[in-house]
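Worksheet: the structure to be examined is printed underneath.
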Amino acid sequence: MPRILSIDYGQKRTGIAVTDEMQIIASGLTTIPTNDLINFLKDYFSKEKVETVLIGEPKQMNGQPSESASIIKGFVTHFSNIFPDMKVVRVDERFTSKMAFQTMIDSGLSKKQRQNKGLIDEISATIMLQDYLSSNRF
């Protein structure tokens with residue numbers, strides 16, 4: 001089975017998570033500088049079969065798009081132009097950063113380790129992906 005990849009897109013850095021080949025487990029893959037994202041994805045897609053890419057959709061508490069929504073929408077358009085055959089699913093990313101930070105605390109990471117914003121982005125992408133997997137089970 002092909003993998004599902006999740007992107008927590010940010011202006012500076014982007015967290016990426018991916019499923020195993022059976023689409024059962026979501027795991028953090030990496031965090032990369034956003035300006036390297038497309039090249040990273042081209043390389044990754046050439047090595048691994050991916051059928052769906054989840055991209056976070058930032059919303060405010062009332063469900064309206066957040067300030068960064070237009071930036072991410074631009075990325076989605078750019079992504080779809082470069083990878084026209086890739087299925088893109090937008091997923092609500094509200095609270096993922098807070099959940100990621102709490103996960104780091106619960107995992108016993110030190111205060112210094114919890115200041116690693118790249119790790120927060122990677123964990124956020126993993127949470128989005130795991131939520132997607134959980135909500136799309138039969």
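Labels for the structure tokens follow display order: chains A, B, ..., residues from 1 in each chain, ligands from 1.
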
Report as a Markdown table the residues of segment 1-69 of chain A within 10 Å of segment 133-136 of chain A, each with its shortest atom pair and distance in Å (one decimal), using only C-alpha atoms, ordered by chain and increasing residue number.
```
| residue | atom | partner | partner_atom | distance |
| --- | --- | --- | --- | --- |
| A:Ile4 | CA | A:Leu133 | CA | 9.2 |
| A:Thr19 | CA | A:Leu133 | CA | 9.0 |
| A:Gln23 | CA | A:Leu133 | CA | 7.6 |
| A:Ile24 | CA | A:Leu133 | CA | 7.2 |
| A:Ile25 | CA | A:Leu133 | CA | 8.2 |
| A:Ala26 | CA | A:Leu133 | CA | 8.0 |
```

**Message:** Among segment 18-84 of chain A, which residues does DSSP mark as strand (DSSP E or B) when it is run on the backbone? Keep the chain and numbering as in the structure and answer as JSON, numbers by chain.
**Reply:** {"A": [18, 19, 26, 27, 28, 29, 30, 31, 32, 33, 50, 51, 52, 53, 54, 55, 56, 57, 59, 65]}

**Item:** Nearby residues (only C-alpha atoms) at most 12 Å from Phe75 of chain A, same-chain spacing under 2 positions excluded, as an NGL selection string
**Value:** :A and (7-11 or 14 or 34-35 or 37-38 or 55-57 or 68-73 or 77-83 or 88 or 90)

**Request:** Tell me which of A:Glu67, A:Asp131, A:Lys47, A:Ile120 sits closest to Ile16 of chain A, counting only C-alpha atoms.
**Result:** A:Ile120

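With only C-alpha atoms as the atoms that count, the minimum distance from Ile123 of chain A to the choices A:Lys42, A:Lys87, A:Glu93, A:Glu48 is reached by A:Glu93.
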
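Atom to atom, atom CA of Pro58 of chain A and atom CA of Met22 of chain A stand 28.0 Å apart.
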